[in-house]
Structures are given as C-alpha cells and as structure tokens.
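Printed here is data.txt (compact mmCIF, C-alpha atoms):
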# COMPACT_ATOMS: atom_id res chain seq x y z
CA MET A 1 17.90 17.41 -30.34
CA GLN A 2 19.68 14.68 -32.26
CA ASP A 3 18.28 11.18 -32.01
CA ASP A 4 21.23 9.22 -33.36
CA ILE A 5 22.52 6.50 -31.07
CA LEU A 6 25.90 8.18 -30.58
CA SER A 7 24.28 11.36 -29.25
CA ILE A 8 22.07 9.36 -26.91
CA LEU A 9 25.04 7.36 -25.64
CA ASN A 10 27.03 10.53 -25.08
CA GLU A 11 24.18 12.05 -23.09
CA SER A 12 24.76 9.31 -20.51
CA GLU A 13 27.89 11.16 -19.37
CA GLY A 14 25.61 13.42 -17.38
CA LEU A 15 24.43 10.45 -15.31
CA ASN A 16 25.96 8.96 -12.18
CA ALA A 17 27.46 5.69 -13.46
CA LYS A 18 27.60 4.30 -9.91
CA VAL A 19 23.81 4.01 -9.87
CA PHE A 20 23.86 1.57 -12.78
CA SER A 21 23.59 -1.68 -10.88
CA LEU A 22 20.37 -3.67 -10.92
CA VAL A 23 19.92 -3.53 -7.15
CA ARG A 24 20.48 0.23 -6.94
CA LEU A 25 18.12 0.88 -9.83
CA LYS A 26 15.48 -1.31 -8.19
CA LEU A 27 15.89 0.56 -4.92
CA LEU A 28 15.74 4.01 -6.49
CA ALA A 29 12.73 3.10 -8.64
CA SER A 30 10.90 1.62 -5.64
CA LEU A 31 11.58 4.51 -3.30
CA ALA A 32 10.97 7.23 -5.90
CA ALA A 33 7.34 6.12 -6.17
CA LEU A 34 6.83 6.45 -2.41
CA GLY A 35 8.23 9.97 -2.07
CA GLN A 36 8.44 11.33 1.46
CA ASP A 37 6.64 8.31 2.87
CA GLY A 38 9.55 5.91 2.26
CA ALA A 39 9.73 2.19 2.92
CA THR A 40 11.11 0.11 5.76
CA TYR A 41 14.07 -2.19 5.40
CA ARG A 42 11.90 -5.27 5.86
CA GLU A 43 9.46 -4.12 3.16
CA LEU A 44 12.28 -3.58 0.67
CA LYS A 45 13.84 -6.92 1.50
CA ALA A 46 10.57 -8.85 1.13
CA ALA A 47 9.25 -7.11 -1.97
CA LEU A 48 12.51 -6.97 -3.93
CA ASP A 49 13.75 -10.35 -2.70
CA ILE A 50 17.29 -9.12 -2.06
CA ASN A 51 19.44 -10.77 0.61
CA ASP A 52 20.51 -8.81 3.68
CA GLY A 53 24.16 -8.31 2.76
CA VAL A 54 23.47 -6.98 -0.73
CA LEU A 55 20.51 -4.87 0.36
CA PHE A 56 22.26 -3.26 3.32
CA ALA A 57 25.43 -2.52 1.34
CA ASN A 58 23.55 -0.94 -1.57
CA LEU A 59 21.27 1.11 0.65
CA ASN A 60 24.37 2.50 2.35
CA ILE A 61 26.01 3.31 -0.99
CA LEU A 62 22.90 5.22 -2.09
CA LYS A 63 22.89 7.00 1.27
CA ASP A 64 26.56 7.96 0.85
CA MET A 65 25.74 9.38 -2.58
CA GLY A 66 23.10 11.55 -0.93
CA TYR A 67 20.22 9.83 -2.72
CA LEU A 68 18.61 8.27 0.37
CA THR A 69 18.20 9.09 4.02
CA SER A 70 17.26 6.69 6.78
CA GLY A 71 15.96 6.90 10.31
CA LYS A 72 14.20 4.93 13.02
CA ILE A 73 10.44 4.81 13.18
CA THR A 74 8.05 2.90 15.41
CA SER A 75 5.32 0.74 13.92
CA GLU A 76 3.01 -1.32 16.13
CA GLY A 77 5.53 -0.97 18.95
CA LYS A 78 8.45 -2.22 16.85
CA GLU A 79 11.44 -0.09 15.96
CA LEU A 80 12.13 -0.23 12.22
CA GLU A 81 14.55 1.43 9.80
CA LEU A 82 12.82 3.67 7.27
CA TYR A 83 14.46 4.68 3.97
CA ILE A 84 13.35 7.80 2.11
CA ILE A 85 14.55 9.12 -1.23
CA THR A 86 16.03 12.64 -1.17
CA THR A 87 15.41 15.40 -3.70
CA GLU A 88 18.83 14.60 -5.22
CA GLY A 89 17.79 10.95 -5.47
CA GLN A 90 14.52 11.88 -7.17
CA ASP A 91 16.37 14.12 -9.63
CA GLU A 92 18.94 11.46 -10.44
CA TRP A 93 16.22 8.83 -10.89
CA LYS A 94 14.32 11.19 -13.22
CA ARG A 95 17.48 11.76 -15.31
CA ILE A 96 18.19 8.02 -15.50
CA ARG A 97 14.61 7.17 -16.41
CA THR A 98 14.49 9.80 -19.12
CA TRP A 99 17.80 8.64 -20.56
CA LEU A 100 16.82 4.95 -20.42
CA CYS A 101 13.59 5.74 -22.23
CA ARG A 102 15.47 7.62 -24.95
CA PHE A 103 18.00 4.82 -25.16
CA LEU A 104 15.25 2.25 -25.60
CA HIS A 105 13.41 4.49 -28.08
CA CYS A 106 10.26 4.62 -26.03
CA GLY A 107 9.59 8.25 -26.81
CA ALA A 108 10.71 10.04 -23.64
CA MET B 1 -14.74 19.17 -4.87
CA GLU B 2 -11.20 17.83 -4.50
CA LYS B 3 -10.87 14.12 -3.93
CA ARG B 4 -9.04 14.66 -0.63
CA LYS B 5 -12.15 16.26 0.85
CA LYS B 6 -14.12 13.02 0.45
CA LEU B 7 -11.26 11.07 2.03
CA ILE B 8 -11.18 13.50 4.95
CA ALA B 9 -14.91 12.88 5.37
CA PHE B 10 -14.09 9.18 5.69
CA PHE B 11 -11.40 9.97 8.29
CA LYS B 12 -14.00 11.99 10.20
CA GLU B 13 -16.58 9.22 10.05
CA LEU B 14 -13.99 6.71 11.26
CA GLY B 15 -12.76 8.98 14.06
CA PHE B 16 -9.27 8.79 12.61
CA ALA B 17 -7.02 11.46 14.16
CA PHE B 18 -4.39 11.49 11.41
CA ASP B 19 -0.86 12.61 12.31
CA ILE B 20 1.56 12.92 9.36
CA ALA B 21 4.56 12.32 11.64
CA ARG B 22 3.34 8.84 12.55
CA PHE B 23 4.36 6.10 10.12
CA ASP B 24 1.41 3.94 11.18
CA ASP B 25 -1.07 6.75 10.45
CA ARG B 26 0.25 7.16 6.92
CA LEU B 27 0.03 3.39 6.50
CA ILE B 28 -3.55 3.33 7.81
CA ALA B 29 -4.54 6.13 5.39
CA GLN B 30 -3.08 4.21 2.43
CA LYS B 31 -4.71 0.92 3.29
CA LEU B 32 -8.11 2.51 4.01
CA VAL B 33 -8.13 4.06 0.55
CA CYS B 34 -7.13 0.79 -1.14
CA LEU B 35 -9.64 -1.32 0.79
CA LEU B 36 -12.41 1.12 -0.11
CA GLU B 37 -11.35 1.01 -3.75
CA PHE B 38 -11.42 -2.80 -3.76
CA ARG B 39 -14.90 -2.65 -2.30
CA GLY B 40 -16.02 -0.40 -5.15
CA ILE B 41 -15.70 3.02 -3.53
CA ASP B 42 -13.19 4.81 -5.72
CA LEU B 43 -11.90 7.97 -4.06
CA GLY B 44 -9.74 8.85 -7.06
CA TYR B 45 -6.49 7.70 -5.49
CA SER B 46 -5.70 4.73 -7.67
CA CYS B 47 -3.95 1.90 -5.79
CA SER B 48 -1.29 -0.27 -7.44
CA LEU B 49 1.28 -2.67 -6.09
CA TYR B 50 4.52 -1.16 -4.75
CA VAL B 51 7.12 -2.36 -2.23
CA ARG B 52 4.72 -1.19 0.48
CA GLY B 53 1.95 -3.41 -0.93
CA PRO B 54 -1.18 -1.79 -2.41
CA TYR B 55 -0.40 1.89 -2.39
CA SER B 56 -1.30 5.24 -3.94
CA PRO B 57 1.60 7.65 -4.62
CA ASP B 58 -1.02 10.34 -5.38
CA LEU B 59 -2.34 9.99 -1.86
CA THR B 60 1.16 10.37 -0.42
CA LYS B 61 1.56 13.61 -2.38
CA ASP B 62 -1.75 14.94 -1.04
CA LEU B 63 -1.05 13.86 2.55
CA PHE B 64 2.18 15.85 2.53
CA ALA B 65 0.92 18.78 0.47
CA PHE B 66 -2.28 19.32 2.48
CA THR B 67 -1.27 18.03 5.90
CA PRO B 68 -3.21 20.61 7.99
CA GLU B 69 -6.44 19.72 6.18
CA PHE B 70 -5.97 16.01 6.92
CA GLU B 71 -4.85 16.58 10.51
CA ASN B 72 -7.64 19.03 11.31
CA LEU B 73 -10.25 17.04 9.36
CA GLU B 74 -11.18 20.08 7.27
CA THR B 75 -13.88 19.08 4.82
CA GLY B 76 -17.21 20.21 3.47
CA SER B 77 -17.82 16.83 1.87
CA ARG B 78 -20.39 14.39 3.21
CA LEU B 79 -20.66 10.65 2.87
CA ASN B 80 -23.68 9.12 1.18
CA THR B 81 -25.49 6.13 2.68
CA ALA B 82 -23.33 3.49 0.96
CA GLU B 83 -20.14 5.31 1.92
CA LYS B 84 -21.30 5.66 5.52
CA GLU B 85 -22.08 1.97 5.63
CA ALA B 86 -18.65 1.10 4.23
CA ALA B 87 -16.93 3.39 6.73
CA GLY B 88 -18.90 1.83 9.57
CA GLU B 89 -17.91 -1.68 8.51
CA LEU B 90 -14.31 -0.67 7.96
CA GLY B 91 -14.15 0.71 11.49
CA ARG B 92 -15.97 -2.24 13.04
CA ILE B 93 -13.99 -4.92 11.22
CA PHE B 94 -10.48 -3.44 11.15
CA GLY B 95 -10.62 -0.89 13.97
CA LEU B 96 -7.88 1.36 12.48
CA LYS B 97 -5.20 -1.23 13.27
CA PRO B 98 -2.25 -1.07 10.86
CA VAL B 99 -1.38 -4.79 10.62
CA PRO B 100 -4.86 -6.17 9.77
CA LEU B 101 -5.40 -3.24 7.39
CA GLU B 102 -2.11 -3.90 5.62
CA VAL B 103 -2.67 -7.65 5.36
CA GLY B 104 -6.31 -7.12 4.38
CA ALA B 105 -5.52 -4.59 1.67
CA THR B 106 -2.79 -6.82 0.24
CA TYR B 107 -5.18 -9.78 0.17
CA GLY B 108 -7.83 -7.57 -1.44
CA TYR B 109 -5.41 -6.47 -4.13
CA TYR B 110 -4.66 -10.04 -5.20
CA ALA B 111 -8.18 -11.41 -4.72
CA ILE B 112 -10.11 -8.54 -6.31
CA ARG B 113 -7.74 -6.64 -8.60
CA GLN B 114 -5.67 -9.60 -9.79
CA ASP B 115 -8.61 -12.00 -9.59
CA CYS B 116 -6.50 -14.64 -7.85
CA ASP B 117 -8.21 -17.58 -6.14
CA PRO B 118 -8.19 -17.35 -2.32
CA LEU B 119 -5.27 -19.75 -1.95
CA GLU B 120 -3.07 -17.90 -4.40
CA ALA B 121 -4.03 -14.54 -2.88
CA SER B 122 -3.03 -15.83 0.59
CA ARG B 123 0.25 -17.16 -0.78
CA GLN B 124 1.07 -13.76 -2.29
CA VAL B 125 0.29 -11.99 0.98
CA LYS B 126 2.70 -14.30 2.82
CA ARG B 127 5.37 -13.67 0.17
CA LEU B 128 5.04 -9.89 0.33
CA LYS B 129 4.57 -9.67 4.10
CA PRO B 130 6.76 -12.45 5.54
CA PHE B 131 7.48 -10.35 8.63
CA TYR B 132 3.95 -10.89 9.94
CA SER B 133 3.06 -14.04 11.84
CA GLU B 134 0.73 -16.72 10.46
CA ALA B 135 -1.88 -15.61 13.00
CA GLN B 136 -1.65 -11.94 11.95
CA ILE B 137 -1.99 -12.92 8.29
CA ALA B 138 -4.93 -15.24 8.96
CA LEU B 139 -6.70 -12.53 10.94
CA GLY B 140 -6.09 -9.86 8.29
CA ILE B 141 -7.33 -12.12 5.50
CA SER B 142 -10.41 -13.08 7.46
CA LYS B 143 -11.21 -9.40 8.04
CA ALA B 144 -10.64 -8.60 4.37
CA LYS B 145 -13.10 -11.31 3.36
CA GLU B 146 -15.67 -9.98 5.80
CA PHE B 147 -15.26 -6.44 4.47
CA LEU B 148 -14.93 -7.15 0.76
CA TYR B 149 -17.42 -9.92 0.20
CA LYS B 150 -21.00 -9.27 1.05
CA PRO B 151 -23.18 -12.38 0.73
CA THR B 152 -26.20 -11.82 -1.53
CA ARG B 153 -29.72 -12.81 -0.49
CA LYS B 154 -29.35 -15.89 -2.69
CA ASP B 155 -26.05 -16.79 -0.96
CA LEU B 156 -27.71 -16.47 2.42
CA GLU B 157 -30.62 -18.67 1.35
CA GLU B 158 -28.18 -21.31 0.07
CA LEU B 159 -26.26 -21.17 3.33
CA LYS B 160 -29.46 -21.46 5.31
CA LYS B 161 -30.39 -24.56 3.33
CA GLU B 162 -26.95 -26.04 3.93
CA THR B 163 -26.78 -25.31 7.64
CA GLY B 164 -30.50 -25.78 8.33
CA ILE B 165 -30.17 -29.53 8.89
CA TRP B 166 -27.60 -29.07 11.66
CA GLN B 167 -29.48 -26.19 13.21
CA ARG B 168 -32.65 -28.25 13.40
CA ALA B 169 -30.72 -31.22 14.77
CA SER B 170 -29.10 -29.14 17.48
CA LEU B 171 -32.45 -27.62 18.45
CA LYS B 172 -33.93 -31.09 18.67
CA SER B 173 -31.07 -32.29 20.84
CA LEU B 174 -31.88 -29.48 23.27
CA GLU B 175 -35.34 -30.94 23.74
CA HIS B 176 -33.86 -34.11 25.33
Just dump the structure as structure tokens.
Amino acid sequence: MQDDILSILNESEGLNAKVFSLVRLKLLASLAALGQDGATYRELKAALDINDGVLFANLNILKDMGYLTSGKITSEGKELELYIITTEGQDEWKRIRTWLCRFLHCGA
Amino acid sequence: MEKRKKLIAFFKELGFAFDIARFDDRLIAQKLVCLLEFRGIDLGYSCSLYVRGPYSPDLTKDLFAFTPEFENLETGSRLNTAEKEAAGELGRIFGLKPVPLEVGATYGYYAIRQDCDPLEASRQVKRLKPFYSEAQIALGISKAKEFLYKPTRKDLEELKKETGIWQRASLKSLEH
C-alpha cells in the first residue's frame, strides 16, 4: 500500500463525506464505544455539550443515513429516547477512524 | 475462570435479577462494576469516562454476548471475604437503585481515578448529570463516600477525640 499523501487523500473517496462534521463525528465516536447499549438523548446533550437544535438535527441525519436507530425506553419511571449505533454506523466509524489515523500518520 | 463469572457471583450475592432488555439493569451492572473497581476490586472490566459516565465497553460486549449466563446467574465462581463484604455494603448503601449508583460511580471516578478534591468531583458530577436534581446528586455522592472511603482505626480515634467533648457534655446534660 502506498503511503504518499495523494494516495491517502484519494482513499477518502470511499468514505461518506456527509459524516465529516464535528458534531456527527462526536456522536458516532461516542455511540460506537457503547455498542448495543446506546445512550439517551439527555446523556449525549450533557456530555457533549451540544444544544438541542443542533443535537436533534444531527441525530436525525445520522438516523436517515442508517447509522443510528432510536427508540423509547423507561428509566426510573421516566420515558427517554435511546440512540444506538447500527452495524452500518460501526462500519462507517471504523473506516473513518482508520482513514483519519492514516491521514495523521499515527500508524493505523 | 472468565471475568464474567466473578461478576455473576457478585450479581448473585446482591440478589440482582439482571434482564438485558431493561435499560436500568444494564446501567446498574455498569455502575456496580465501576464502583467496585474504584473501591479496589478490579473485575477486569476497566472503566473509563464515556457519555454515559464511568463505563466499560468490554462489559457491554459480555452482557450481550453471554446474556443467558448473566440472566440465569450461571457461575462456578465464589466471592472471597473482602468481596462478600464489598457486595454487602454495595447492596446496603445503594440498594440496586440506578440513580444513586450512577451519581455515586461518577463521583467515584472523579474523586478516586482523577484524584479531584471533593468539591471539584461534585462539580463534575453536576456537569455530566445535570438532569438529576440537587437532592439526587447529594444523596448519590453521600452514598459513594460511604462506600468508597473506609475510615481507618486512626481516623476513628481522631474523630472520637474530636466529638468526645460534645458527647460527654450531652451525657452530662442528661443528668440534670
């Protein structure tokens, strides 16, 4: 495999460019670590410090891409929205992470 | 023996009827493991900070991969005396309630792992868990302190010295 910068840049064509926004990357990275367990809306909002409008819109975009699913759960008697990364989301995140590591020369 | 077997022994000791379908049960399992780790009982599921607070992705993988074992409490592992004592205190102090466990584990992460002073640790808990009330946070932190910090004999003697004056005074006042 070639390691010149042009080859690495051209490899990015295999990635979904729509994921390359800071908020979406933060969401994918956060949810990828939690696997099938997922995180609630309120946990994402508090931990990532993203306002409601931006968070809700970006979660929906990732859902539309097929990278996340959501559903209602009950915790301590309260109904909450839970977001879980899909297999497609995990795969895309893995591709992005690998490419970013190569791009930054961190040996991936 | 696999690390999950020891954890299942803890579930058994605590009378925890784990159900993978329940969000709160998965949360309880995570926070139990982290609280035990912060107390010095490392079950092999390393806890770090994620959007869910202190959390072990390895535990999530095991919970989903070996669900019947967790739900049916299948284990040949036994707890030693120190582990039994920790399980007993965990059950008595937190009572398998998700909110105090979550607040307590988050406090423990900052106070023990990050070595923050109590004020800073409390501030971080409030930042990460703003959806809990002041009362819920205060209760969780208080429980965490009770579980994580065991006063030494020397501490107890110091406390006795400090409170002895008032105790004697109150006993004397009863004589009148």
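Non-sequential neighbours of region 40-54 of chain B (distance at most 8 Å, separation of 2 or more positions within a chain, only C-alpha atoms) are Ser30, Ala33, Ala39, Glu43, Leu44, Ala47 and Leu48 of chain A; Lys3, Lys6, Leu7, Gln30, Lys31, Val33, Cys34, Leu36, Glu37, Phe38, Ser56, Asp58, Leu59, Glu83, Glu102, Ala105, Thr106, Tyr109 and Leu128 of chain B.
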To one decimal place, how far is CA of Asp52 (chain A) from CA of Phe131 (chain B) in Å?
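These atoms are spaced 14.0 Å apart.
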Would you list which chain A residues are within 10 Å of chain B using only C-alpha atoms, as a ChimeraX atom specification?
/A:27,30-40,42-49,73-76,82
Which residues are close to region 3-10 of chain A, i.e. within 8 Å by only C-alpha atoms, leaving aside same-chain residues fewer than 5 positions away? Reply as a compact mmCIF listing (two decimals) with C-alpha atoms, keeping the file's coordinate frame.
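Once everything was written out, this is around_15.txt:
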# COMPACT_ATOMS: atom_id res chain seq x y z
CA TRP A 99 17.80 8.64 -20.56
CA ARG A 102 15.47 7.62 -24.95
CA PHE A 103 18.00 4.82 -25.16
Kindly compute an axis-aligned box around the listed atoms of region 86-100 of chain B, allowing 5 Å on each side, and express its centre and edge lengths in Å to one decimal as lines of an AutoDock Vina configuration file.
center_x = -10.1
center_y = -1.4
center_z = 9.1
size_x = 27.5
size_y = 19.6
size_z = 19.7
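If you look at CA of Gly104 (chain B) and CA of Ala82 (chain B), they are 20.3 Å away from each other.
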Which of A:Ala57, A:Ile96, A:Leu80, A:Leu68 sits closest to Gly14 (chain A) [using only C-alpha atoms]
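Comparing A:Ala57, A:Ile96, A:Leu80, A:Leu68 against Gly14 (chain A), the winner is A:Ile96.
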Interatomic distance between CA of Arg123 (chain B) and CA of Gly88 (chain B)?
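Atom-to-atom, CA of Arg123 (chain B) and CA of Gly88 (chain B) are spaced 28.9 Å apart.
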